[in-house]
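Participant: Compact mmCIF, C-alpha atoms, file structure_17.txt:
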```txt
# COMPACT_ATOMS: atom_id res chain seq x y z
CA MET A 346 -14.20 -23.53 -8.40
CA ILE A 347 -12.49 -22.34 -11.57
CA VAL A 348 -14.82 -19.34 -11.64
CA SER A 349 -13.86 -18.50 -8.03
CA VAL A 350 -10.14 -18.74 -8.80
CA ALA A 351 -10.70 -16.56 -11.86
CA ALA A 352 -12.56 -14.05 -9.68
CA TRP A 353 -9.65 -13.99 -7.21
CA LEU A 354 -7.16 -13.41 -10.03
CA LEU A 355 -9.35 -10.74 -11.63
CA GLN A 356 -9.59 -8.95 -8.28
CA ASP A 357 -5.81 -9.21 -7.87
CA LEU A 358 -5.03 -7.91 -11.37
CA LEU A 359 -7.46 -5.02 -10.98
CA GLN A 360 -5.88 -4.18 -7.62
CA VAL A 361 -2.44 -4.11 -9.26
CA LEU A 362 -3.77 -1.72 -11.89
CA THR A 363 -5.51 0.59 -9.45
CA MET A 364 -3.22 0.38 -6.40
CA GLY A 365 -3.11 3.74 -4.65
CA PHE A 366 -6.24 5.02 -6.38
CA MET A 367 -8.92 2.64 -5.19
CA LEU A 368 -9.64 -0.70 -3.60
CA VAL A 369 -11.30 -3.15 -5.92
CA PRO A 370 -14.59 -4.75 -4.89
CA GLU A 371 -14.47 -8.17 -3.23
CA PHE A 372 -15.27 -10.11 -6.39
CA PHE A 373 -13.90 -13.31 -4.88
CA MET A 374 -16.12 -13.11 -1.82
CA LEU A 375 -19.19 -12.32 -3.93
CA VAL A 376 -18.55 -15.26 -6.26
CA VAL A 377 -17.93 -17.66 -3.36
CA VAL A 378 -21.18 -16.52 -1.73
CA TYR A 379 -22.97 -17.05 -5.02
CA MET A 380 -21.44 -20.53 -5.39
CA THR A 381 -22.48 -21.37 -1.83
CA ILE A 382 -26.16 -20.70 -2.36
CA SER A 383 -26.48 -21.63 -6.02
CA GLY A 384 -26.23 -25.39 -5.46
CA PRO A 385 -27.65 -27.91 -3.03
CA LEU A 386 -27.09 -26.85 0.58
CA ASP A 387 -25.41 -30.08 1.58
CA GLU A 388 -22.81 -30.40 4.27
CA GLY A 389 -19.78 -31.23 2.12
CA ARG A 390 -20.38 -28.43 -0.37
CA ILE A 391 -20.91 -25.73 2.22
CA SER A 392 -17.88 -26.83 4.26
CA PHE A 393 -15.77 -26.80 1.10
CA TRP A 394 -16.82 -23.23 0.25
CA LEU A 395 -16.22 -22.14 3.83
CA TRP A 396 -12.61 -23.31 3.72
CA PHE A 397 -12.15 -22.11 0.16
CA ALA A 398 -13.30 -18.63 1.23
CA PHE A 399 -10.90 -18.76 4.16
CA ALA A 400 -7.94 -19.80 1.98
CA GLY A 401 -8.71 -17.13 -0.62
CA GLY A 402 -8.97 -14.47 2.09
CA VAL A 403 -5.66 -15.41 3.69
CA LEU A 404 -3.94 -15.46 0.31
CA TRP A 405 -5.40 -12.04 -0.45
CA ASP A 406 -4.13 -10.69 2.85
CA LEU A 407 -0.68 -12.12 2.24
CA ARG A 408 -0.60 -10.17 -0.99
CA TRP A 409 -2.34 -6.95 -0.03
CA ALA A 410 -2.63 -6.52 3.74
CA ALA A 411 -0.08 -5.54 6.36
CA VAL A 412 -1.61 -7.94 8.90
CA PRO A 413 -2.88 -11.14 7.22
CA GLY A 414 -5.95 -12.88 8.62
CA MET A 415 -8.69 -10.29 8.50
CA SER A 416 -10.03 -11.12 5.02
CA GLY A 417 -10.00 -14.84 5.85
CA LEU A 418 -12.12 -14.13 8.92
CA ILE A 419 -14.49 -11.84 7.04
CA ASN A 420 -14.93 -14.31 4.17
CA VAL A 421 -15.75 -17.20 6.53
CA ALA A 422 -18.21 -15.03 8.46
CA ALA A 423 -19.80 -13.93 5.17
CA VAL A 424 -20.27 -17.45 3.81
CA ALA A 425 -21.56 -18.75 7.16
CA THR A 426 -24.02 -15.85 7.53
CA VAL A 427 -25.33 -16.14 3.99
CA PHE A 428 -25.75 -19.90 4.36
CA TRP A 429 -27.56 -19.47 7.67
CA VAL A 430 -30.05 -16.92 6.25
CA TRP A 431 -30.49 -18.84 3.01
CA ASN A 432 -31.05 -22.13 4.82
CA ARG A 433 -33.72 -20.60 7.04
CA THR A 434 -35.53 -18.96 4.11
CA PRO A 435 -38.31 -21.07 2.53
CA ALA A 436 -37.46 -22.23 -0.99
CA GLY A 437 -40.08 -19.88 -2.46
CA GLY A 438 -38.41 -16.85 -0.90
CA ARG A 439 -34.92 -17.56 -2.20
CA SER A 440 -35.05 -14.91 -4.89
CA ALA A 441 -32.44 -12.92 -6.77
CA VAL A 442 -33.48 -9.87 -4.76
CA LEU A 443 -32.76 -11.66 -1.47
CA PHE A 444 -29.41 -12.76 -2.86
CA ALA A 445 -28.63 -9.17 -3.91
CA GLY A 446 -29.53 -7.90 -0.44
CA LEU A 447 -27.41 -10.51 1.30
CA ALA A 448 -24.39 -10.19 -1.00
CA GLY A 449 -24.58 -6.38 -1.00
CA GLY A 450 -24.93 -6.34 2.78
CA ILE A 451 -21.92 -8.53 3.47
CA HIS A 452 -19.86 -6.63 0.90
CA PHE A 453 -20.75 -3.38 2.65
CA LEU A 454 -19.94 -4.79 6.10
CA SER A 455 -16.66 -6.23 4.82
CA GLY A 456 -15.75 -2.81 3.41
CA ILE A 457 -16.62 -1.13 6.72
CA ALA A 458 -14.48 -3.63 8.67
CA HIS A 459 -11.50 -2.93 6.42
CA TYR A 460 -12.15 0.83 6.47
CA PHE A 461 -11.56 1.03 10.20
CA SER A 462 -8.25 -0.81 9.95
CA TRP A 463 -6.78 1.62 7.39
CA ALA A 464 -4.28 4.35 8.15
CA VAL A 465 -5.09 6.16 4.92
CA PRO A 466 -6.12 9.82 5.49
CA SER A 467 -9.83 9.83 6.28
CA GLN A 468 -10.97 11.75 3.22
CA ALA A 469 -9.03 9.49 0.86
CA ALA A 470 -10.19 6.39 2.76
CA THR A 471 -13.83 7.44 2.49
CA ARG A 472 -13.39 8.07 -1.22
CA MET A 473 -11.74 4.65 -1.67
CA PHE A 474 -14.51 2.98 0.34
CA LEU A 475 -17.29 4.65 -1.66
CA ILE A 476 -15.66 3.80 -4.99
CA GLN A 477 -15.24 0.20 -3.87
CA GLN A 478 -18.91 -0.06 -2.93
CA LEU A 479 -20.08 1.62 -6.13
CA MET A 480 -17.87 -0.60 -8.27
CA SER A 481 -19.39 -3.68 -6.65
CA VAL A 482 -22.86 -2.79 -8.00
CA PRO A 483 -22.24 -4.08 -11.57
CA ALA A 484 -20.82 -7.33 -10.15
CA LEU A 485 -23.85 -7.72 -7.89
CA VAL A 486 -26.24 -7.05 -10.77
CA LEU A 487 -24.40 -9.59 -12.93
CA LEU A 488 -24.50 -12.27 -10.23
CA CYS A 489 -28.20 -11.61 -9.58
CA PHE A 490 -28.90 -11.89 -13.29
CA VAL A 491 -27.00 -15.20 -13.49
CA TYR A 492 -28.90 -16.46 -10.45
CA ALA A 493 -32.27 -15.38 -11.87
CA VAL A 494 -31.54 -17.10 -15.20
CA ARG A 495 -30.47 -20.24 -13.37
CA VAL A 496 -33.64 -20.31 -11.28
CA ARG A 497 -35.81 -19.68 -14.34
CA ASP A 498 -34.12 -22.50 -16.27
CA GLN A 499 -34.62 -24.87 -13.35
CA HIS A 500 -38.33 -24.11 -13.34
CA VAL A 501 -38.88 -24.43 -17.07
CA MET B 561 -30.81 -32.06 9.13
CA ALA B 562 -29.57 -31.16 12.62
CA GLY B 563 -26.40 -33.21 12.01
CA LYS B 564 -25.78 -31.34 8.77
CA LEU B 565 -26.20 -27.95 10.47
CA ASN B 566 -23.99 -29.01 13.35
CA SER B 567 -21.24 -30.08 10.98
CA ILE B 568 -21.40 -26.79 9.07
CA LEU B 569 -21.47 -24.88 12.35
CA VAL B 570 -18.38 -26.75 13.56
CA ASN B 571 -16.60 -26.07 10.27
CA SER B 572 -17.52 -22.39 10.49
CA LEU B 573 -16.28 -22.12 14.06
CA VAL B 574 -13.03 -23.94 13.29
CA ALA B 575 -12.46 -21.72 10.22
CA LEU B 576 -13.16 -18.59 12.30
CA PHE B 577 -10.74 -19.84 14.95
CA CYS B 578 -8.11 -20.43 12.25
CA GLY B 579 -8.72 -16.86 11.03
CA LEU B 580 -8.18 -15.49 14.53
CA MET B 581 -5.03 -17.60 14.88
CA THR B 582 -3.75 -16.23 11.57
CA LEU B 583 -4.32 -12.70 12.85
CA TRP B 584 -2.52 -13.53 16.10
CA VAL B 585 0.43 -15.07 14.21
CA SER B 586 0.59 -11.93 12.04
CA TYR B 587 0.87 -9.72 15.12
CA ALA B 588 3.17 -12.07 17.04
CA PHE B 589 5.61 -12.95 14.26
CA PRO B 590 5.59 -10.00 11.85
CA VAL B 591 8.99 -10.80 10.33
CA ALA B 592 8.04 -14.40 9.42
CA VAL B 593 4.70 -13.24 8.01
CA ARG B 594 6.42 -10.47 6.04
CA SER B 595 8.79 -13.03 4.57
CA MET B 596 5.84 -15.25 3.60
CA ALA B 597 4.03 -12.24 2.13
CA ASP B 598 7.11 -11.43 0.03
CA LYS B 599 7.16 -15.01 -1.27
CA VAL B 600 3.47 -14.81 -2.19
CA GLY B 601 4.16 -11.48 -3.89
CA ALA B 602 7.06 -13.00 -5.84
CA ALA B 603 4.95 -15.99 -6.92
CA LEU B 604 2.08 -13.76 -8.01
CA SER B 605 4.37 -11.41 -9.88
CA TYR B 606 4.20 -13.74 -12.90
CA PRO B 607 0.43 -13.69 -13.47
CA GLU B 608 0.43 -10.02 -12.45
CA MET B 609 3.10 -9.04 -14.97
CA PRO B 610 0.72 -7.80 -17.73
CA ALA B 611 -1.16 -5.65 -15.22
CA GLN B 612 2.11 -4.31 -13.77
CA GLU B 613 3.38 -3.39 -17.23
CA LEU B 614 0.09 -1.77 -18.21
CA ARG B 615 0.09 0.23 -14.99
CA ALA B 616 3.69 1.33 -15.59
CA LEU B 617 2.85 2.40 -19.13
CA VAL B 618 -0.17 4.44 -18.04
CA GLN B 619 1.85 6.04 -15.25
CA THR B 620 4.75 6.83 -17.52
CA ILE B 621 2.47 8.57 -19.99
CA GLY B 622 0.68 10.43 -17.19
CA ASN B 623 3.90 11.47 -15.51
CA TRP B 624 5.45 12.54 -18.77
CA VAL B 625 2.57 14.87 -19.44
CA MET B 626 2.27 16.21 -15.87
CA GLU B 627 5.89 16.38 -14.79
CA ARG B 628 7.56 17.57 -17.96
CA LYS B 629 7.25 21.23 -17.11
CA SER B 630 8.35 20.87 -13.48
CA LEU B 631 11.27 18.65 -14.48
CA GLN B 632 12.39 21.17 -17.07
CA ASP B 633 12.27 23.95 -14.48
CA ARG B 634 14.15 21.87 -11.95
CA ASN B 635 16.72 20.85 -14.53
CA ARG B 636 17.34 24.50 -15.33
CA GLU B 637 17.78 25.31 -11.64
CA LEU B 638 20.22 22.44 -11.19
CA GLU B 639 22.20 23.43 -14.28
CA ILE B 640 22.59 26.96 -12.93
CA GLU B 641 23.62 25.62 -9.52
CA ASN B 642 26.05 23.21 -11.15
CA LEU B 643 27.65 26.00 -13.15
CA ALA B 644 28.02 28.12 -10.02
CA LEU B 645 29.63 25.24 -8.14
CA ARG B 646 32.00 24.51 -11.02
CA ALA B 647 33.00 28.16 -11.06
CA ALA B 648 33.58 28.11 -7.30
CA LEU B 649 35.73 24.99 -7.60
CA HIS B 650 37.65 26.56 -10.42
CA ASP B 651 38.23 29.75 -8.43
CA ALA B 652 39.41 27.74 -5.43
CA ALA B 653 41.66 25.66 -7.71
CA LEU B 654 40.26 22.44 -6.24
CA PRO B 655 40.17 19.22 -8.30
CA ARG B 656 36.67 18.35 -9.44
CA PRO B 657 35.43 15.31 -7.48
CA ALA B 658 34.20 12.33 -9.46
CA SER B 659 30.52 11.65 -8.96
CA ALA B 660 30.16 8.97 -6.32
CA ALA B 661 26.45 8.44 -6.59
CA ASP B 662 23.92 7.05 -9.00
CA MET B 663 20.16 7.26 -9.12
CA ILE B 664 17.89 4.42 -10.21
CA GLY B 665 14.18 4.63 -10.89
CA ALA B 666 11.86 2.34 -8.96
CA ARG B 667 8.15 1.63 -9.02
CA VAL B 668 5.99 1.25 -5.93
CA THR B 669 4.61 -2.29 -6.04
CA LEU B 670 2.80 -2.33 -2.73
CA ARG B 671 1.43 0.17 -0.23
CA TYR B 672 -0.73 -1.29 2.51
CA PRO B 673 -3.79 0.80 3.42
CA GLU B 674 -3.19 -0.25 7.05
CA ALA B 675 0.40 1.04 6.96
CA TRP B 676 -0.16 3.94 4.57
CA TRP B 677 2.26 6.33 6.26
CA LYS B 678 4.79 3.71 7.32
CA GLU B 679 6.21 1.88 4.33
CA VAL B 680 6.05 1.03 0.65
CA ARG B 681 7.58 -1.77 -1.35
CA ILE B 682 9.54 -0.99 -4.53
CA ASN B 683 10.63 -3.20 -7.40
CA MET B 684 14.40 -2.67 -6.99
CA GLY B 685 16.59 -4.77 -4.71
CA SER B 686 20.09 -5.99 -4.04
CA SER B 687 20.55 -7.22 -7.61
CA GLN B 688 20.18 -3.59 -8.74
CA GLY B 689 22.62 -2.36 -6.07
CA VAL B 690 20.11 -1.12 -3.50
CA LYS B 691 21.40 -1.14 0.07
CA VAL B 692 19.79 -0.71 3.47
CA GLY B 693 19.82 2.96 4.43
CA ALA B 694 19.82 4.30 0.86
CA PRO B 695 17.69 7.44 0.54
CA VAL B 696 14.57 7.25 -1.61
CA LEU B 697 13.32 10.34 -3.42
CA SER B 698 10.20 11.52 -5.16
CA ASP B 699 10.07 14.75 -7.18
CA GLY B 700 13.62 15.45 -5.98
CA TYR B 701 12.69 15.30 -2.27
CA MET B 702 13.59 12.58 0.18
CA ILE B 703 10.52 10.56 1.15
CA GLY B 704 12.15 7.70 3.06
CA LYS B 705 15.03 5.30 3.25
CA VAL B 706 15.47 1.65 2.38
CA ALA B 707 14.73 -0.47 5.44
CA MET B 708 14.95 -3.99 4.05
CA VAL B 709 16.40 -5.34 0.82
CA GLY B 710 15.39 -8.49 -1.06
CA GLU B 711 16.89 -9.66 -4.32
CA ASP B 712 14.42 -7.86 -6.57
CA TYR B 713 12.48 -5.73 -4.14
CA SER B 714 13.02 -3.44 -1.17
CA TRP B 715 10.89 -2.06 1.63
CA VAL B 716 11.13 1.68 2.11
CA GLU B 717 10.40 3.22 5.48
CA LEU B 718 8.56 6.47 4.84
CA ILE B 719 9.52 9.77 6.37
CA THR B 720 6.04 9.89 7.96
CA SER B 721 6.63 6.70 9.95
CA ALA B 722 6.77 7.11 13.72
CA SER B 723 9.93 4.99 13.80
CA PHE B 724 11.70 7.13 11.19
CA LEU B 725 14.54 9.19 12.62
CA LEU B 726 16.94 11.20 10.50
CA ALA B 727 19.35 14.04 11.22
CA ALA B 728 18.35 17.12 9.26
CA VAL B 729 19.35 20.73 8.97
CA VAL B 730 17.46 23.95 8.32
CA ASN B 731 19.31 25.36 5.32
CA GLU B 732 18.81 29.04 6.20
CA THR B 733 19.83 28.85 9.87
CA TRP B 734 22.06 25.76 10.01
CA ASP B 735 20.09 24.46 12.99
CA LEU B 736 20.30 20.70 13.36
CA GLY B 737 17.36 18.54 14.36
CA VAL B 738 15.86 15.11 13.88
CA ILE B 739 13.14 14.37 11.35
CA ASN B 740 10.41 12.11 12.67
CA GLY B 741 6.92 11.07 11.50
CA ASP B 742 3.82 10.17 13.51
CA ASP B 743 2.15 7.45 11.38
CA ARG B 744 -0.57 9.96 10.49
CA GLY B 745 1.06 11.81 7.64
CA ASN B 746 2.75 14.57 9.66
CA ILE B 747 6.49 15.26 9.70
CA TRP B 748 8.25 16.93 12.60
CA LEU B 749 11.70 18.40 12.99
CA LEU B 750 12.50 17.61 16.63
CA TYR B 751 14.88 19.13 19.18
CA MET B 752 14.73 22.67 17.85
CA PRO B 753 15.61 25.41 20.34
CA PRO B 754 12.53 27.51 21.23
CA GLU B 755 14.46 30.79 21.14
CA ARG B 756 15.26 30.41 17.45
CA GLU B 757 12.85 31.92 14.99
CA PHE B 758 11.97 29.72 12.04
CA LYS B 759 10.02 31.16 9.16
CA ARG B 760 7.47 29.28 7.14
CA GLY B 761 9.06 28.09 3.90
CA MET B 762 12.59 27.54 5.21
CA MET B 763 14.14 24.52 3.52
CA VAL B 764 15.03 21.38 5.50
CA SER B 765 17.65 18.98 4.12
CA THR B 766 19.51 15.89 5.25
CA ALA B 767 22.57 16.35 7.43
CA MET B 768 25.59 14.05 7.20
CA VAL B 769 24.39 10.79 8.75
CA GLY B 770 25.72 7.68 7.06
CA ASP B 771 27.64 5.97 4.30
CA TYR B 772 24.66 5.72 1.97
CA LEU B 773 22.92 8.94 2.94
CA PRO B 774 24.68 12.09 1.75
CA PRO B 775 23.94 15.54 3.17
CA GLY B 776 21.97 18.19 1.34
CA ILE B 777 19.07 16.11 0.02
CA PRO B 778 15.98 18.32 0.28
CA ILE B 779 13.22 16.98 2.55
CA GLY B 780 10.65 19.75 2.69
CA ARG B 781 9.84 23.16 4.10
CA ILE B 782 9.03 24.39 7.57
CA TRP B 783 5.33 25.02 8.06
CA GLY B 784 4.96 26.08 11.68
CA ASN B 785 5.77 25.61 15.36
CA GLY B 786 4.67 22.69 17.47
CA GLU B 787 4.09 22.70 21.20
CA THR B 788 7.18 23.44 23.32
CA ARG B 789 8.04 20.48 25.54
CA ASP B 790 11.13 19.59 27.57
CA GLY B 791 12.86 22.72 26.36
CA PHE B 792 12.39 22.06 22.65
CA THR B 793 9.95 23.34 20.06
CA PRO B 794 9.35 20.85 17.25
CA GLN B 795 8.80 22.34 13.83
CA SER B 796 6.15 21.01 11.51
CA VAL B 797 7.62 20.19 8.10
CA VAL B 798 5.75 19.83 4.82
CA SER B 799 7.31 17.37 2.42
CA GLY B 800 8.20 18.67 -1.01
CA ALA B 801 6.89 15.44 -2.54
CA HIS B 802 3.28 14.31 -2.86
CA LEU B 803 3.31 11.67 -0.14
CA THR B 804 -0.19 10.44 -0.91
CA GLN B 805 0.76 9.81 -4.53
CA LEU B 806 3.93 7.74 -4.50
CA TYR B 807 4.14 5.73 -7.69
CA ASN B 808 7.54 6.29 -9.32
CA LEU B 809 10.49 6.84 -7.00
CA GLN B 810 14.25 7.21 -7.25
CA VAL B 811 16.77 5.38 -5.10
CA LEU B 812 20.07 7.17 -4.55
CA LEU B 813 22.97 4.74 -4.61
CA VAL B 814 26.06 6.20 -3.00
CA PHE B 815 29.31 4.32 -3.62
CA GLY B 816 32.01 3.98 -0.99
CA GLU B 817 35.64 4.81 -1.89
CA THR B 818 36.43 1.30 -3.18
CA GLU B 819 33.05 0.77 -4.74
CA ALA B 820 33.15 4.13 -6.49
CA GLY B 821 36.58 3.37 -7.88
CA GLY B 822 35.47 -0.10 -8.91
CA ALA B 823 32.35 1.20 -10.53
CA ARG B 824 34.29 3.68 -12.56
CA ASN B 825 37.20 1.52 -13.60
```
Translate this structure into structure tokens?
Facilitator:
Amino acid sequence: MIVSVAAWLLQDLLQVLTMGFMLVPEFFMLVVVYMTISGPLDEGRISFWLWFAFAGGVLWDLRWAAVPGMSGLINVAAVATVFWVWNRTPAGGRSAVLFAGLAGGIHFLSGIAHYFSWAVPSQAATRMFLIQQLMSVPALVLLCFVYAVRVRDQHV
Amino acid sequence: MAGKLNSILVNSLVALFCGLMTLWVSYAFPVAVRSMADKVGAALSYPEMPAQELRALVQTIGNWVMERKSLQDRNRELEIENLALRAALHDAALPRPASAADMIGARVTLRYPEAWWKEVRINMGSSQGVKVGAPVLSDGYMIGKVAMVGEDYSWVELITSASFLLAAVVNETWDLGVINGDDRGNIWLLYMPPEREFKRGMMVSTAMVGDYLPPGIPIGRIWGNGETRDGFTPQSVVSGAHLTQLYNLQVLLVFGETEAGGARN
């Protein structure tokens, strides 16, 4: 949980620094998704991360969005979708590559959903969207690496 | 297993419903949500302080390098204009009026992507003397006016907002109109008579409209004609400021008679 709060704060501080130039990647959402699938898929844990993602999204919107609620919705949908896919995947198929695909996919869809709600001029919005997606790549690689190391350690 | 999935499904659906409710509340009660957002912003301003200061430092350095030349040129122009006005006052034997206005610098602390052309929040509020209706400038051009004032922050309605209305005058022809935005980055000077000929580049400035909004503040230049409707031809206006890059602004504080006297005594 501390890591998720730190991710939220990091995202917030980076957004303060880069406001007007770019939108920072959804570090918080990526970390929450990682936390959701990196432990046992029991009921209490998943429900906790669902509500945690919702609270973090609403707080983000209250700070950075004209109409709060959208990020909360997107975060809940992201965690629920990732859990659903992960839960239906056999244990042997739960690889870092699958995680990267899922996390990258929901990050992209989240970006698209926000993109269509912006009033920023289209060229600038596209630039901001592309930068956001590109900037998320190092975070995705890092999370995949952490996941791969964790899986390897569990199997040693 | 099925019970576990059901419970998670129920939690997901309830959370999604709460998200939809939050969105509905945001649309239905914008003022209450704005007030809550301001409180969240104020609470987060403490952990955000290092990032805010770093941003300000980087911007100051950048602006200093980029704007120095243009500021020097503008300063020279204003000095010449000032000298000419002093000479005119002297020739007319009029007493020189005491300055009744002050300008304070402000930083943009929030600009929603969803309301890009509507509003920005700045870090100056009532404790710095900012009042509702005060004009806000960037690069010497008016870009909006203060719409709401908190203790240490204010919301500025941008000139490109569809709800922005301001009396303005074309300097070269003295034609009066109303400046209005369209929420898409365009600025229009409304109610202009179609028979008048406006040339591209003519300067548009504020007309006398209120206690805190003096006349003569430059807004931008005429760019071209719009479509004639209801007997009027709106003129497209290009702002003199970079409206996509609003970082450091100036708020013009105009003192009333008593306030001006008080401020000076």
Participant: Could you check which of B:Leu773, B:Ala728, B:Ala597, B:Val696 is closest to chain A, using only C-alpha atoms?
Facilitator: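 Of B:Leu773, B:Ala728, B:Ala597, B:Val696, the one nearest chain A, counting only C-alpha atoms, is B:Ala597.
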Participant: Which residue is closest to B:Asn683? Choose from B:Val625, B:Ala611, B:Leu812, B:Ala602 and count only C-alpha atoms.
Facilitator: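 Nearest candidate to B:Asn683 out of B:Val625, B:Ala611, B:Leu812, B:Ala602: B:Ala602.
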Participant: Please report as a Markdown table every residue of chain B lying within 8 Å of chain A, along with the nearest atom pair and their distance in Å (one decimal), using only C-alpha atoms.
Facilitator:
```
| residue | atom | partner | partner_atom | distance |
| --- | --- | --- | --- | --- |
| B:Lys564 | CA | A:Glu388 | CA | 5.5 |
| B:Leu565 | CA | A:Glu388 | CA | 7.5 |
| B:Ser567 | CA | A:Glu388 | CA | 6.9 |
| B:Ile568 | CA | A:Ser392 | CA | 6.0 |
| B:Asn571 | CA | A:Ser392 | CA | 6.2 |
| B:Ser572 | CA | A:Ala425 | CA | 6.4 |
| B:Ala575 | CA | A:Trp396 | CA | 6.7 |
| B:Leu576 | CA | A:Leu418 | CA | 5.7 |
| B:Gly579 | CA | A:Leu418 | CA | 4.8 |
| B:Leu580 | CA | A:Gly414 | CA | 6.8 |
| B:Met581 | CA | A:Gly414 | CA | 7.9 |
| B:Thr582 | CA | A:Gly414 | CA | 5.0 |
| B:Leu583 | CA | A:Gly414 | CA | 4.5 |
| B:Ser586 | CA | A:Val412 | CA | 5.5 |
| B:Tyr587 | CA | A:Val412 | CA | 6.9 |
| B:Val593 | CA | A:Pro413 | CA | 7.9 |
| B:Met596 | CA | A:Leu407 | CA | 7.4 |
| B:Ala597 | CA | A:Leu407 | CA | 4.7 |
| B:Asp598 | CA | A:Arg408 | CA | 7.9 |
| B:Val600 | CA | A:Arg408 | CA | 6.3 |
| B:Gly601 | CA | A:Arg408 | CA | 5.7 |
| B:Glu608 | CA | A:Leu358 | CA | 6.0 |
| B:Ala611 | CA | A:Leu362 | CA | 5.8 |
| B:Gln612 | CA | A:Val361 | CA | 6.4 |
| B:Leu614 | CA | A:Leu362 | CA | 7.4 |
| B:Arg615 | CA | A:Leu362 | CA | 5.3 |
| B:Thr669 | CA | A:Val361 | CA | 8.0 |
| B:Leu670 | CA | A:Trp409 | CA | 7.4 |
| B:Arg671 | CA | A:Gly365 | CA | 7.3 |
| B:Tyr672 | CA | A:Ala410 | CA | 5.7 |
| B:Pro673 | CA | A:Trp463 | CA | 5.0 |
| B:Glu674 | CA | A:Trp463 | CA | 4.1 |
| B:Ala675 | CA | A:Ala464 | CA | 5.9 |
| B:Trp676 | CA | A:Val465 | CA | 5.4 |
| B:Trp677 | CA | A:Ala464 | CA | 7.1 |
| B:Asp743 | CA | A:Ala464 | CA | 7.8 |
| B:Arg744 | CA | A:Ala464 | CA | 7.1 |
| B:Gly745 | CA | A:Pro466 | CA | 7.8 |
| B:Gln805 | CA | A:Gly365 | CA | 7.2 |
```
Participant: Name all residues at most 8 Å from B:Tyr772 (count all atoms listed in the file; drop same-chain ones fewer than 4 positions away) and give them as a list in words.
Facilitator: Lys691, Gly693, Ala694, Pro695, Leu813, Val814 and Phe815 of chain B
Participant: Just the number, please: distance in Å from atom CA of A:Leu488 to atom CA of A:Phe444, one decimal.
Facilitator: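 According to the coordinates, atom CA of A:Leu488 and atom CA of A:Phe444 are separated by 8.9 Å.
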Participant: I want to know what sits within 8 Å of B:Leu736, based on all atoms listed in the file, with residues of the same chain fewer than 2 positions away left out; could you give that as a ChimeraX atom specification?
Facilitator: /B:727-730,734,738,752,767
Participant: From the block you just saw, export stretch 592-621 of chain B: C-alpha atoms, as a PDB file, in the first residue's frame.
Facilitator:
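Written output follows (selection29.pdb):
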```pdb
ATOM      1  CA  ALA B 592     -19.720  22.096  -4.347  1.00  0.00           C
ATOM      2  CA  VAL B 593     -17.285  19.873  -6.248  1.00  0.00           C
ATOM      3  CA  ARG B 594     -15.148  22.884  -7.177  1.00  0.00           C
ATOM      4  CA  SER B 595     -15.007  23.869  -3.518  1.00  0.00           C
ATOM      5  CA  MET B 596     -13.957  20.323  -2.579  1.00  0.00           C
ATOM      6  CA  ALA B 597     -11.362  20.325  -5.360  1.00  0.00           C
ATOM      7  CA  ASP B 598      -9.943  23.596  -4.018  1.00  0.00           C
ATOM      8  CA  LYS B 599      -9.664  22.050  -0.545  1.00  0.00           C
ATOM      9  CA  VAL B 600      -7.855  19.012  -1.965  1.00  0.00           C
ATOM     10  CA  GLY B 601      -5.568  21.373  -3.888  1.00  0.00           C
ATOM     11  CA  ALA B 602      -4.853  23.358  -0.718  1.00  0.00           C
ATOM     12  CA  ALA B 603      -4.096  20.186   1.272  1.00  0.00           C
ATOM     13  CA  LEU B 604      -1.803  18.856  -1.437  1.00  0.00           C
ATOM     14  CA  SER B 605      -0.007  22.160  -1.805  1.00  0.00           C
ATOM     15  CA  TYR B 606       2.256  21.182   1.114  1.00  0.00           C
ATOM     16  CA  PRO B 607       3.717  17.971  -0.330  1.00  0.00           C
ATOM     17  CA  GLU B 608       3.718  19.630  -3.761  1.00  0.00           C
ATOM     18  CA  MET B 609       5.675  22.663  -2.586  1.00  0.00           C
ATOM     19  CA  PRO B 610       9.151  21.448  -3.687  1.00  0.00           C
ATOM     20  CA  ALA B 611       7.816  20.594  -7.147  1.00  0.00           C
ATOM     21  CA  GLN B 612       6.017  23.960  -7.386  1.00  0.00           C
ATOM     22  CA  GLU B 613       9.178  25.830  -6.435  1.00  0.00           C
ATOM     23  CA  LEU B 614      11.318  23.827  -8.852  1.00  0.00           C
ATOM     24  CA  ARG B 615       8.819  24.480 -11.634  1.00  0.00           C
ATOM     25  CA  ALA B 616       8.791  28.205 -10.825  1.00  0.00           C
ATOM     26  CA  LEU B 617      12.581  28.322 -10.867  1.00  0.00           C
ATOM     27  CA  VAL B 618      12.823  26.563 -14.225  1.00  0.00           C
ATOM     28  CA  GLN B 619      10.136  28.821 -15.674  1.00  0.00           C
ATOM     29  CA  THR B 620      11.762  31.948 -14.326  1.00  0.00           C
ATOM     30  CA  ILE B 621      15.078  31.024 -15.909  1.00  0.00           C
TER      31      ILE B 621
END
```
